[in-house]
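K.L.:
Contents of upload.tsv (TSV, C-alpha atoms (C1' of nucleotides)):
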chain	number	residue	atom	x	y	z
E	1	MET	CA	57.54	112.87	106.93
E	2	ASN	CA	55.59	109.94	105.46
E	3	SER	CA	58.28	107.49	104.32
E	4	GLU	CA	55.88	106.31	101.62
E	5	ASN	CA	55.96	109.73	99.99
E	6	ASN	CA	59.71	109.99	100.25
E	7	ASN	CA	60.48	106.70	98.56
E	8	PRO	CA	62.43	107.40	95.39
E	9	VAL	CA	60.50	105.20	93.00
E	10	TYR	CA	60.13	107.05	89.70
E	11	THR	CA	62.68	107.17	86.91
E	12	ILE	CA	63.25	110.52	85.27
E	13	SER	CA	61.17	109.56	82.24
E	14	ARG	CA	58.27	108.44	84.44
E	15	ALA	CA	58.52	111.63	86.52
E	16	ALA	CA	58.51	113.76	83.37
E	17	GLU	CA	55.52	111.85	82.10
E	18	LEU	CA	53.57	112.23	85.35
E	19	LEU	CA	54.33	115.97	85.45
E	20	GLY	CA	53.76	116.54	81.75
E	21	ILE	CA	57.14	118.13	81.19
E	22	SER	CA	60.36	117.19	79.45
E	23	ILE	CA	63.37	115.44	80.91
E	24	PRO	CA	65.77	118.36	80.27
E	25	THR	CA	63.42	120.60	82.26
E	26	LEU	CA	63.73	118.30	85.27
E	27	ARG	CA	67.51	118.39	84.93
E	28	MET	CA	67.42	122.17	84.69
E	29	TYR	CA	65.42	122.55	87.92
E	30	GLU	CA	68.01	120.37	89.59
E	31	LYS	CA	70.92	122.39	88.21
E	32	GLU	CA	69.25	125.52	89.52
E	33	GLY	CA	69.04	123.96	92.99
E	34	LEU	CA	65.25	123.83	93.17
E	35	ILE	CA	65.11	120.04	93.50
E	36	ILE	CA	67.52	117.42	94.85
E	37	PRO	CA	66.49	114.00	93.52
E	38	PHE	CA	67.83	110.82	95.04
E	39	LYS	CA	70.68	109.35	93.01
E	40	LYS	CA	71.50	105.67	92.62
E	41	GLU	CA	75.10	104.48	92.78
E	42	SER	CA	75.11	104.56	88.99
E	43	ASN	CA	74.23	108.26	89.17
E	44	GLN	CA	70.70	107.74	87.88
E	45	ARG	CA	68.00	109.97	89.29
E	46	CYS	CA	65.05	108.66	91.27
E	47	TYR	CA	62.04	110.79	92.18
E	48	SER	CA	59.61	110.33	95.06
E	49	LYS	CA	55.96	111.40	95.32
E	50	ALA	CA	57.15	114.23	97.55
E	51	ASP	CA	59.60	115.28	94.82
E	52	LEU	CA	56.78	115.44	92.30
E	53	GLU	CA	54.72	117.61	94.63
E	54	ARG	CA	57.69	119.88	95.14
E	55	ILE	CA	58.17	120.25	91.39
E	56	LYS	CA	54.48	121.01	90.90
E	57	CYS	CA	54.83	123.76	93.46
E	58	ILE	CA	57.93	125.16	91.79
E	59	ARG	CA	56.21	125.19	88.42
E	60	GLU	CA	53.23	126.99	89.90
E	61	THR	CA	55.58	129.67	91.18
E	62	ILE	CA	57.42	130.03	87.87
E	63	ASN	CA	54.39	129.94	85.60
E	64	GLY	CA	51.77	131.34	87.95
E	65	THR	CA	53.41	134.15	89.88
E	66	LYS	CA	55.98	135.08	87.19
E	67	ILE	CA	58.81	135.13	89.69
E	68	SER	CA	61.82	134.00	87.65
E	69	ILE	CA	63.91	131.03	88.72
E	70	GLU	CA	66.62	133.50	89.74
E	71	GLY	CA	64.00	135.29	91.85
E	72	ILE	CA	62.95	132.04	93.52
E	73	LYS	CA	66.56	131.28	94.38
E	74	HIS	CA	66.98	134.71	95.96
E	75	LEU	CA	63.77	134.27	97.92
E	76	LEU	CA	64.82	130.88	99.23
E	77	SER	CA	68.17	132.31	100.35
E	78	LEU	CA	66.14	134.28	102.91
E	79	VAL	CA	65.00	131.18	104.75
E	80	PRO	CA	66.62	131.65	108.18
E	81	CYS	CA	68.34	128.27	108.21
E	82	TRP	CA	70.67	129.46	110.99
E	83	LYS	CA	67.64	129.79	113.25
E	84	LEU	CA	65.89	126.64	112.12
E	85	LYS	CA	69.03	124.59	112.68
E	86	ASN	CA	70.30	126.44	115.75
E	87	CYS	CA	73.51	127.40	114.05
E	88	SER	CA	75.93	128.96	116.52
E	89	ARG	CA	77.12	132.56	116.23
E	90	ASP	CA	80.61	131.36	115.47
E	91	GLU	CA	79.49	128.95	112.79
E	92	ARG	CA	77.20	131.31	110.97
E	93	THR	CA	79.79	134.04	110.53
E	94	VAL	CA	81.81	131.72	108.30
E	95	CYS	CA	78.85	130.03	106.59
E	96	GLU	CA	78.34	130.84	102.91
E	97	ALA	CA	74.61	130.21	103.18
E	98	PHE	CA	74.29	132.75	105.99
E	99	ILE	CA	76.38	135.33	104.16
E	100	SER	CA	74.97	135.04	100.64
E	101	TYR	CA	71.62	136.18	99.30
E	102	ASP	CA	71.51	134.67	95.82
E	103	LYS	CA	70.67	131.01	96.34
E	104	PRO	CA	69.29	128.61	98.95
E	105	CYS	CA	71.55	127.16	101.62
E	106	TRP	CA	71.32	123.65	100.16
E	107	MET	CA	73.23	124.80	97.09
E	108	TYR	CA	76.36	125.22	99.21
E	109	SER	CA	78.66	122.43	100.31
E	110	HIS	CA	78.57	123.16	104.07
E	111	LYS	CA	81.99	121.88	104.89
E	112	ASN	CA	82.99	121.86	108.53
E	113	ASN	CA	79.78	122.91	110.21
E	114	LEU	CA	76.66	121.34	111.66
E	115	CYS	CA	75.11	121.02	108.19
E	116	SER	CA	77.77	118.57	107.05
E	117	GLU	CA	76.28	115.96	109.37
E	118	ILE	CA	73.21	115.15	107.31
E	119	PRO	CA	72.69	115.52	103.55
E	120	CYS	CA	70.54	118.47	102.47
E	121	ILE	CA	68.10	116.13	100.72
E	122	SER	CA	66.86	115.02	104.15
E	123	CYS	CA	67.23	118.38	105.89
E	124	GLU	CA	64.07	120.14	107.08
E	125	VAL	CA	65.26	123.41	105.56
E	126	TYR	CA	65.28	121.85	102.12
E	127	THR	CA	62.20	119.67	102.52
E	128	ASN	CA	60.00	122.38	104.03
E	129	PHE	CA	60.76	125.12	101.52
E	130	SER	CA	59.57	124.59	97.99
E	131	ASP	CA	56.82	127.14	98.48
E	132	CYS	CA	58.10	130.72	98.53
E	133	LYS	CA	55.03	131.79	100.48
E	134	LYS	CA	56.37	129.90	103.47
E	135	VAL	CA	59.40	132.17	103.72
E	136	LYS	CA	57.46	135.13	105.05
E	137	GLU	CA	55.47	132.93	107.41
E	138	THR	CA	58.73	131.66	108.86
E	139	ILE	CA	60.24	135.11	109.23
E	140	LYS	CA	57.05	136.29	110.92
E	141	SER	CA	57.21	133.37	113.34
E	142	TYR	CA	60.51	134.76	114.63
E	143	LEU	CA	59.73	138.49	114.42
G	1	MET	CA	68.70	162.07	104.54
G	2	ASN	CA	70.42	164.82	102.60
G	3	SER	CA	67.63	167.18	101.61
G	4	GLU	CA	69.65	168.15	98.55
G	5	ASN	CA	69.37	164.62	97.19
G	6	ASN	CA	65.68	164.40	97.94
G	7	ASN	CA	64.70	167.57	96.12
G	8	PRO	CA	62.36	166.68	93.28
G	9	VAL	CA	63.97	168.69	90.50
G	10	TYR	CA	63.93	166.61	87.33
G	11	THR	CA	61.05	166.30	84.90
G	12	ILE	CA	60.30	162.85	83.58
G	13	SER	CA	61.97	163.58	80.26
G	14	ARG	CA	65.11	164.82	82.00
G	15	ALA	CA	65.14	161.80	84.31
G	16	ALA	CA	64.75	159.46	81.36
G	17	GLU	CA	67.57	161.24	79.59
G	18	LEU	CA	69.91	161.07	82.58
G	19	LEU	CA	69.17	157.37	83.05
G	20	GLY	CA	69.30	156.52	79.35
G	21	ILE	CA	65.87	154.92	79.33
G	22	SER	CA	62.43	155.76	77.94
G	23	ILE	CA	59.63	157.63	79.64
G	24	PRO	CA	57.19	154.68	79.53
G	25	THR	CA	59.77	152.58	81.34
G	26	LEU	CA	59.83	155.08	84.21
G	27	ARG	CA	56.06	154.99	84.37
G	28	MET	CA	56.11	151.19	84.38
G	29	TYR	CA	58.51	151.03	87.35
G	30	GLU	CA	56.14	153.33	89.18
G	31	LYS	CA	53.09	151.25	88.30
G	32	GLU	CA	54.93	148.20	89.63
G	33	GLY	CA	55.57	150.00	92.91
G	34	LEU	CA	59.33	150.13	92.61
G	35	ILE	CA	59.51	153.93	92.65
G	36	ILE	CA	57.29	156.66	94.10
G	37	PRO	CA	58.11	159.97	92.40
G	38	PHE	CA	56.98	163.26	93.86
G	39	LYS	CA	53.90	164.63	92.10
G	40	LYS	CA	53.05	168.28	91.54
G	41	GLU	CA	49.51	169.52	92.08
G	42	SER	CA	49.02	169.20	88.35
G	43	ASN	CA	49.90	165.50	88.69
G	44	GLN	CA	53.22	165.89	86.90
G	45	ARG	CA	56.08	163.72	88.11
G	46	CYS	CA	59.26	165.14	89.61
G	47	TYR	CA	62.36	163.06	90.29
G	48	SER	CA	65.13	163.70	92.80
G	49	LYS	CA	68.78	162.62	92.69
G	50	ALA	CA	67.89	159.96	95.25
G	51	ASP	CA	65.12	158.75	92.93
G	52	LEU	CA	67.61	158.39	90.08
G	53	GLU	CA	69.94	156.38	92.29
G	54	ARG	CA	67.08	154.17	93.33
G	55	ILE	CA	66.12	153.53	89.72
G	56	LYS	CA	69.72	152.73	88.82
G	57	CYS	CA	69.72	150.16	91.60
G	58	ILE	CA	66.44	148.67	90.42
G	59	ARG	CA	67.74	148.39	86.86
G	60	GLU	CA	70.87	146.67	88.07
G	61	THR	CA	68.71	144.12	89.84
G	62	ILE	CA	66.46	143.54	86.82
G	63	ASN	CA	69.18	143.45	84.19
G	64	GLY	CA	72.08	142.20	86.27
G	65	THR	CA	70.70	139.53	88.59
G	66	LYS	CA	67.81	138.44	86.33
G	67	ILE	CA	65.34	138.58	89.18
G	68	SER	CA	62.10	139.58	87.45
G	69	ILE	CA	60.13	142.63	88.54
G	70	GLU	CA	57.61	140.25	90.07
G	71	GLY	CA	60.46	138.60	91.96
G	72	ILE	CA	61.70	141.95	93.24
G	73	LYS	CA	58.23	142.79	94.51
G	74	HIS	CA	58.02	139.48	96.36
G	75	LEU	CA	61.46	140.04	97.87
G	76	LEU	CA	60.55	143.52	99.04
G	77	SER	CA	57.39	142.19	100.68
G	78	LEU	CA	59.73	140.39	103.10
G	79	VAL	CA	61.09	143.61	104.56
G	80	PRO	CA	59.91	143.37	108.19
G	81	CYS	CA	58.19	146.75	108.21
G	82	TRP	CA	56.24	145.80	111.32
G	83	LYS	CA	59.52	145.60	113.21
G	84	LEU	CA	61.12	148.66	111.65
G	85	LYS	CA	58.05	150.76	112.46
G	86	ASN	CA	57.18	149.11	115.78
G	87	CYS	CA	53.80	148.06	114.57
G	88	SER	CA	51.71	146.68	117.42
G	89	ARG	CA	50.51	143.07	117.53
G	90	ASP	CA	46.93	144.23	117.13
G	91	GLU	CA	47.70	146.45	114.19
G	92	ARG	CA	49.77	143.96	112.25
G	93	THR	CA	47.15	141.23	112.34
G	94	VAL	CA	44.85	143.39	110.23
G	95	CYS	CA	47.57	144.94	108.03
G	96	GLU	CA	47.61	143.88	104.39
G	97	ALA	CA	51.34	144.50	104.14
G	98	PHE	CA	52.01	142.16	107.06
G	99	ILE	CA	49.72	139.48	105.70
G	100	SER	CA	50.69	139.51	102.02
G	101	TYR	CA	53.83	138.27	100.34
G	102	ASP	CA	53.50	139.52	96.79
G	103	LYS	CA	54.39	143.22	96.93
G	104	PRO	CA	56.08	145.79	99.17
G	105	CYS	CA	54.18	147.44	102.01
G	106	TRP	CA	54.20	150.82	100.28
G	107	MET	CA	51.92	149.48	97.57
G	108	TYR	CA	49.08	149.22	100.09
G	109	SER	CA	46.94	152.09	101.26
G	110	HIS	CA	47.48	151.62	105.02
G	111	LYS	CA	44.20	152.99	106.20
G	112	ASN	CA	43.66	153.28	109.93
G	113	ASN	CA	47.05	152.31	111.24
G	114	LEU	CA	50.33	153.96	112.18
G	115	CYS	CA	51.44	154.03	108.53
G	116	SER	CA	48.65	156.42	107.56
G	117	GLU	CA	50.42	159.18	109.49
G	118	ILE	CA	53.21	159.80	107.01
G	119	PRO	CA	53.23	159.18	103.24
G	120	CYS	CA	55.24	156.16	102.09
G	121	ILE	CA	57.44	158.36	99.91
G	122	SER	CA	59.10	159.69	103.04
G	123	CYS	CA	58.96	156.48	105.06
G	124	GLU	CA	62.25	154.79	105.96
G	125	VAL	CA	60.89	151.41	104.84
G	126	TYR	CA	60.43	152.73	101.32
G	127	THR	CA	63.53	154.92	101.18
G	128	ASN	CA	65.91	152.30	102.60
G	129	PHE	CA	64.85	149.41	100.39
G	130	SER	CA	65.58	149.68	96.73
G	131	ASP	CA	68.40	147.16	97.04
G	132	CYS	CA	67.14	143.60	97.51
G	133	LYS	CA	70.43	142.66	99.14
G	134	LYS	CA	69.47	144.75	102.12
G	135	VAL	CA	66.50	142.52	102.90
G	136	LYS	CA	68.61	139.66	104.18
G	137	GLU	CA	70.87	142.00	106.12
G	138	THR	CA	67.80	143.38	107.87
G	139	ILE	CA	66.38	139.98	108.67
G	140	LYS	CA	69.76	138.90	110.03
G	141	SER	CA	69.88	141.97	112.24
G	142	TYR	CA	66.77	140.70	114.02
G	143	LEU	CA	67.53	136.97	113.96
O	1	DG	C1'	47.59	181.45	72.10
O	2	DA	C1'	51.15	178.70	70.10
O	3	DT	C1'	54.94	175.39	71.26
O	4	DA	C1'	56.80	171.97	74.08
O	5	DG	C1'	56.11	168.60	77.26
O	6	DT	C1'	52.93	166.15	80.18
O	7	DT	C1'	49.19	162.64	81.25
O	8	DG	C1'	47.26	157.57	81.02
O	9	DA	C1'	46.31	153.90	77.89
O	10	DT	C1'	47.09	150.62	74.29
O	11	DA	C1'	49.87	148.45	70.76
O	12	DT	C1'	54.19	146.94	69.35
O	13	DT	C1'	58.94	145.60	69.46
O	14	DT	C1'	62.96	143.51	71.61
O	15	DA	C1'	65.45	140.71	74.69
O	16	DT	C1'	65.80	136.69	77.04
O	17	DA	C1'	64.15	133.13	80.39
O	18	DA	C1'	62.06	128.71	80.15
O	19	DA	C1'	61.43	124.74	77.87
O	20	DT	C1'	62.57	121.44	74.47
O	21	DA	C1'	65.29	118.81	70.95
O	22	DT	C1'	69.22	116.46	69.87
O	23	DC	C1'	73.70	114.54	70.53
O	24	DA	C1'	77.52	110.91	71.60
O	25	DT	C1'	78.32	108.09	75.49
O	26	DG	C1'	77.23	105.22	79.43
O	27	DT	C1'	73.95	102.03	82.25
O	28	DT	C1'	70.15	98.97	83.09
O	29	DT	C1'	67.44	95.02	82.16
O	30	DA	C1'	65.47	91.20	79.95
K	1	DT	C1'	74.29	91.18	73.90
K	2	DA	C1'	70.54	93.89	72.15
K	3	DA	C1'	66.93	97.17	73.27
K	4	DA	C1'	65.52	100.67	76.21
K	5	DC	C1'	66.67	104.22	78.92
K	6	DA	C1'	70.00	106.92	81.37
K	7	DT	C1'	73.88	110.51	81.45
K	8	DG	C1'	75.80	115.56	80.55
K	9	DA	C1'	76.28	119.06	77.12
K	10	DT	C1'	74.98	122.04	73.42
K	11	DA	C1'	71.78	123.99	70.14
K	12	DT	C1'	67.29	125.40	69.20
K	13	DT	C1'	62.59	126.75	69.87
K	14	DT	C1'	58.90	129.00	72.40
K	15	DA	C1'	56.84	132.00	75.61
K	16	DT	C1'	56.79	136.17	77.67
K	17	DA	C1'	58.87	139.93	80.52
K	18	DA	C1'	60.87	144.33	79.70
K	19	DA	C1'	61.19	148.14	77.08
K	20	DT	C1'	59.57	151.20	73.63
K	21	DA	C1'	56.39	153.62	70.33
K	22	DT	C1'	52.35	155.92	69.62
K	23	DC	C1'	47.96	157.97	70.74
K	24	DA	C1'	44.40	161.75	71.96
K	25	DA	C1'	43.75	164.70	75.80
K	26	DC	C1'	45.67	167.79	79.20
K	27	DT	C1'	49.25	171.23	81.38
K	28	DA	C1'	53.15	174.35	81.44
K	29	DT	C1'	55.88	178.10	79.61
K	30	DC	C1'	57.03	181.98	76.86
Any chance you could give the structure as structure tokens?
P.N.:
Amino acid sequence: MNSENNNPVYTISRAAELLGISIPTLRMYEKEGLIIPFKKESNQRCYSKADLERIKCIRETINGTKISIEGIKHLLSLVPCWKLKNCSRDERTVCEAFISYDKPCWMYSHKNNLCSEIPCISCEVYTNFSDCKKVKETIKSYL
Amino acid sequence: MNSENNNPVYTISRAAELLGISIPTLRMYEKEGLIIPFKKESNQRCYSKADLERIKCIRETINGTKISIEGIKHLLSLVPCWKLKNCSRDERTVCEAFISYDKPCWMYSHKNNLCSEIPCISCEVYTNFSDCKKVKETIKSYL
DNA sequence: GATAGTTGATATTTATAAATATCATGTTTA
DNA sequence: TAAACATGATATTTATAAATATCAACTATC
């Protein structure tokens, strides 16, 4: 929301320093699809304040609740993106994110559907769901 | 369904033998709420064929997908029991299972609501959900 | 009433996820 | 054009979940 918080201003070393973790850990979270940092043209990562908050939340889930990263990915695959984005019946039947249950929708490429219009990094489904607790709240809001 | 499969006929040692695991492991799965074995009056556990299948499924999830036990519990807490059981609006607002997101509904005591009428061991919510894959299918059936 | 198998609880071992270190190579910046 | 920092990839370490072993007390079976 706040453009201030979404400005990608921190290098990876500064982000690691602020979070008190190592650089390879940040890369690992990204590889696992838990975080999508902004990338410069040169391919260098840039983290925003919002990114740092997201990572703090992820680490709380990993180290606090003892859900494994694989568990978090499975949980996030249950976010009903098709509802949040008003995905049509026709579109969802061929959408990998709708079909699968092992990783969040933003880990798929979304070719040829409504999700190809904006990048996942700025999609509400990605930005709103770093906290696994929110998944049940969202499901309850529909059921 | 099939009463044959639900007959509690195996002792814990026989169940452990058939599954190729240790007795303490079976007790641990139970403590974690993943399995509810029948108990004799003397408090001794008795496992059915259906129980063994359920445990096989659980082990596949733990050892195959690398979702931790804690992750499985969180996933199973997303089963929309309130929909499956037609839980009223009034009842759900005070139901721990509806409110929480850290363990399946059958790990709660369900005092003073429609779930206190039958034991969880014979409830469809418990019996139908050993496979975490089914959770998304169920959510999709409603959304 | 003796043997075999159960109970819950605690202690220990084993397997592996999570995090880090290190690498040769490429990019930024002063 | 150096120095500092980035990249991806692989190897290693560390932390801990999962599984097992062991215990004294209790229950079943013959």
K.L.:
Per residue of chain E within 8 Å of chain G, what are the shortest atom pair and its distance in Å to one decimal, counting only C-alpha atoms, with rows by chain and residue number, as JSON lines?
P.N.:
{"residue": "E:Thr65", "atom": "CA", "partner": "G:Glu70", "partner_atom": "CA", "distance": 7.4}
{"residue": "E:Lys66", "atom": "CA", "partner": "G:Glu70", "partner_atom": "CA", "distance": 6.1}
{"residue": "E:Ile67", "atom": "CA", "partner": "G:Gly71", "partner_atom": "CA", "distance": 4.5}
{"residue": "E:Ser68", "atom": "CA", "partner": "G:Ser68", "partner_atom": "CA", "distance": 5.6}
{"residue": "E:Ile69", "atom": "CA", "partner": "G:Ile67", "partner_atom": "CA", "distance": 7.7}
{"residue": "E:Glu70", "atom": "CA", "partner": "G:Ile67", "partner_atom": "CA", "distance": 5.3}
{"residue": "E:Gly71", "atom": "CA", "partner": "G:Ile67", "partner_atom": "CA", "distance": 4.4}
{"residue": "E:Ile72", "atom": "CA", "partner": "G:Gly71", "partner_atom": "CA", "distance": 7.2}
{"residue": "E:His74", "atom": "CA", "partner": "G:Leu75", "partner_atom": "CA", "distance": 7.9}
{"residue": "E:Leu75", "atom": "CA", "partner": "G:Leu75", "partner_atom": "CA", "distance": 6.2}
{"residue": "E:Leu78", "atom": "CA", "partner": "G:Lys136", "partner_atom": "CA", "distance": 6.1}
{"residue": "E:Pro80", "atom": "CA", "partner": "G:Leu143", "partner_atom": "CA", "distance": 7.9}
{"residue": "E:Lys83", "atom": "CA", "partner": "G:Leu143", "partner_atom": "CA", "distance": 7.2}
{"residue": "E:Tyr101", "atom": "CA", "partner": "G:Lys133", "partner_atom": "CA", "distance": 6.6}
{"residue": "E:Lys133", "atom": "CA", "partner": "G:Tyr101", "partner_atom": "CA", "distance": 6.6}
{"residue": "E:Lys136", "atom": "CA", "partner": "G:Leu78", "partner_atom": "CA", "distance": 6.1}
{"residue": "E:Ile139", "atom": "CA", "partner": "G:Ile139", "partner_atom": "CA", "distance": 7.9}
{"residue": "E:Tyr142", "atom": "CA", "partner": "G:Leu143", "partner_atom": "CA", "distance": 7.4}
{"residue": "E:Leu143", "atom": "CA", "partner": "G:Lys83", "partner_atom": "CA", "distance": 7.2}
K.L.:
Report, in Å to a single decimal, how far apart CA of Met28 in chain E and CA of Asn5 in chain E are.
P.N.:
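Calculated distance between CA of Asn5 in chain E and CA of Met28 in chain E is 22.8 Å.
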K.L.:
Using all atoms listed in the file, which residues of chain O come within 9 Å of chain G, and what is the closest atom pair for each, with the distance in Å to one decimal? Give it as a Markdown table, sorted by chain and residue number.
P.N.:
| residue | atom | partner | partner_atom | distance |
| --- | --- | --- | --- | --- |
| O:DG5 | C1' | G:Ser13 | CA | 8.3 |
| O:DT6 | C1' | G:Gln44 | CA | 6.7 |
| O:DT7 | C1' | G:Gln44 | CA | 7.7 |
| O:DA17 | C1' | G:Lys66 | CA | 8.8 |
K.L.:
Mind fitting chain E onto chain G over all Cα atoms in sequence order and sending the result as a compact mmCIF listing (two decimals) with C-alpha atoms, in the frame of the given file?
P.N.:
# COMPACT_ATOMS: atom_id res chain seq x y z
CA MET E 1 68.69 161.99 104.49
CA ASN E 2 70.43 164.79 102.58
CA SER E 3 67.61 167.17 101.62
CA GLU E 4 69.64 168.15 98.56
CA ASN E 5 69.37 164.62 97.20
CA ASN E 6 65.69 164.40 97.95
CA ASN E 7 64.70 167.57 96.14
CA PRO E 8 62.37 166.66 93.30
CA VAL E 9 63.97 168.68 90.53
CA TYR E 10 63.93 166.60 87.35
CA THR E 11 61.05 166.30 84.92
CA ILE E 12 60.29 162.84 83.60
CA SER E 13 61.97 163.58 80.28
CA ARG E 14 65.12 164.83 82.01
CA ALA E 15 65.14 161.80 84.33
CA ALA E 16 64.76 159.45 81.36
CA GLU E 17 67.56 161.25 79.59
CA LEU E 18 69.91 161.09 82.59
CA LEU E 19 69.18 157.37 83.04
CA GLY E 20 69.28 156.54 79.35
CA ILE E 21 65.86 154.93 79.33
CA SER E 22 62.45 155.76 77.95
CA ILE E 23 59.64 157.63 79.65
CA PRO E 24 57.19 154.68 79.53
CA THR E 25 59.78 152.58 81.36
CA LEU E 26 59.84 155.08 84.21
CA ARG E 27 56.05 154.99 84.36
CA MET E 28 56.12 151.20 84.37
CA TYR E 29 58.51 151.04 87.35
CA GLU E 30 56.15 153.35 89.17
CA LYS E 31 53.09 151.25 88.31
CA GLU E 32 54.92 148.21 89.62
CA GLY E 33 55.56 150.01 92.92
CA LEU E 34 59.35 150.13 92.61
CA ILE E 35 59.51 153.93 92.65
CA ILE E 36 57.28 156.65 94.11
CA PRO E 37 58.13 159.97 92.42
CA PHE E 38 56.98 163.25 93.87
CA LYS E 39 53.89 164.59 92.12
CA LYS E 40 53.01 168.24 91.57
CA GLU E 41 49.46 169.46 92.10
CA SER E 42 48.97 169.11 88.36
CA ASN E 43 49.88 165.43 88.69
CA GLN E 44 53.22 165.84 86.93
CA ARG E 45 56.08 163.70 88.14
CA CYS E 46 59.25 165.13 89.64
CA TYR E 47 62.36 163.05 90.31
CA SER E 48 65.13 163.70 92.82
CA LYS E 49 68.79 162.63 92.70
CA ALA E 50 67.90 159.97 95.25
CA ASP E 51 65.13 158.74 92.93
CA LEU E 52 67.61 158.39 90.09
CA GLU E 53 69.95 156.38 92.29
CA ARG E 54 67.08 154.17 93.33
CA ILE E 55 66.13 153.54 89.71
CA LYS E 56 69.73 152.72 88.81
CA CYS E 57 69.72 150.16 91.58
CA ILE E 58 66.44 148.67 90.42
CA ARG E 59 67.72 148.39 86.87
CA GLU E 60 70.87 146.68 88.08
CA THR E 61 68.71 144.11 89.83
CA ILE E 62 66.47 143.53 86.82
CA ASN E 63 69.19 143.44 84.18
CA GLY E 64 72.09 142.20 86.28
CA THR E 65 70.71 139.54 88.59
CA LYS E 66 67.83 138.44 86.32
CA ILE E 67 65.33 138.58 89.15
CA SER E 68 62.09 139.58 87.43
CA ILE E 69 60.14 142.63 88.54
CA GLU E 70 57.59 140.25 90.07
CA GLY E 71 60.46 138.60 91.95
CA ILE E 72 61.70 141.95 93.24
CA LYS E 73 58.22 142.79 94.50
CA HIS E 74 58.02 139.48 96.35
CA LEU E 75 61.45 140.04 97.86
CA LEU E 76 60.56 143.52 99.05
CA SER E 77 57.38 142.19 100.68
CA LEU E 78 59.72 140.39 103.09
CA VAL E 79 61.08 143.61 104.55
CA PRO E 80 59.90 143.39 108.19
CA CYS E 81 58.19 146.77 108.19
CA TRP E 82 56.23 145.79 111.32
CA LYS E 83 59.52 145.61 113.20
CA LEU E 84 61.10 148.66 111.64
CA LYS E 85 58.05 150.76 112.44
CA ASN E 86 57.19 149.14 115.77
CA CYS E 87 53.79 148.08 114.56
CA SER E 88 51.71 146.71 117.42
CA ARG E 89 50.50 143.10 117.54
CA ASP E 90 46.94 144.27 117.14
CA GLU E 91 47.70 146.48 114.18
CA ARG E 92 49.76 143.98 112.25
CA THR E 93 47.14 141.24 112.33
CA VAL E 94 44.85 143.41 110.22
CA CYS E 95 47.56 144.96 108.04
CA GLU E 96 47.61 143.89 104.39
CA ALA E 97 51.34 144.52 104.14
CA PHE E 98 52.02 142.18 107.06
CA ILE E 99 49.73 139.49 105.69
CA SER E 100 50.68 139.52 102.01
CA TYR E 101 53.84 138.28 100.34
CA ASP E 102 53.51 139.54 96.78
CA LYS E 103 54.39 143.22 96.93
CA PRO E 104 56.08 145.79 99.17
CA CYS E 105 54.17 147.44 102.00
CA TRP E 106 54.20 150.83 100.28
CA MET E 107 51.93 149.48 97.56
CA TYR E 108 49.09 149.23 100.08
CA SER E 109 46.94 152.10 101.26
CA HIS E 110 47.50 151.64 105.02
CA LYS E 111 44.21 152.99 106.18
CA ASN E 112 43.67 153.27 109.90
CA ASN E 113 47.07 152.32 111.23
CA LEU E 114 50.34 153.97 112.17
CA CYS E 115 51.44 154.04 108.52
CA SER E 116 48.65 156.42 107.55
CA GLU E 117 50.41 159.18 109.47
CA ILE E 118 53.20 159.82 106.99
CA PRO E 119 53.24 159.19 103.23
CA CYS E 120 55.25 156.16 102.10
CA ILE E 121 57.44 158.36 99.90
CA SER E 122 59.10 159.70 103.06
CA CYS E 123 58.96 156.47 105.06
CA GLU E 124 62.25 154.78 105.97
CA VAL E 125 60.89 151.42 104.84
CA TYR E 126 60.43 152.73 101.33
CA THR E 127 63.53 154.92 101.19
CA ASN E 128 65.92 152.31 102.59
CA PHE E 129 64.85 149.40 100.40
CA SER E 130 65.59 149.68 96.72
CA ASP E 131 68.39 147.15 97.04
CA CYS E 132 67.14 143.59 97.50
CA LYS E 133 70.43 142.65 99.12
CA LYS E 134 69.47 144.75 102.11
CA VAL E 135 66.50 142.52 102.90
CA LYS E 136 68.61 139.65 104.18
CA GLU E 137 70.87 142.00 106.11
CA THR E 138 67.81 143.38 107.87
CA ILE E 139 66.37 139.98 108.66
CA LYS E 140 69.76 138.90 110.02
CA SER E 141 69.89 141.98 112.23
CA TYR E 142 66.78 140.71 114.02
CA LEU E 143 67.55 136.97 113.97
K.L.:
Hey, can you pull every residue with an atom no more than 8 Å from (61.8, 107.0, 95.7), using only C-alpha atoms (C1' of nucleotides), and send it as a list in words?
P.N.:
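In the file's frame, the residues around the point are Asn5, Asn6, Asn7, Pro8, Val9, Tyr10, Phe38, Cys46, Tyr47, Ser48 and Lys49 of chain E.
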K.L.:
Residues of chain K within 10 Å of chain E, using all atoms listed in the file, as a VMD selection string?
P.N.:
chain K and resid 5 to 8 16 to 17
K.L.:
Near DT10 in chain K, within 12 Å and counting only C-alpha atoms (C1' of nucleotides), which residues show up once chain neighbours fewer than 5 positions away are dropped, as a list in words?
P.N.:
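The residues satisfying every condition are DA21, DT22, DC23 and DA24 of chain O.
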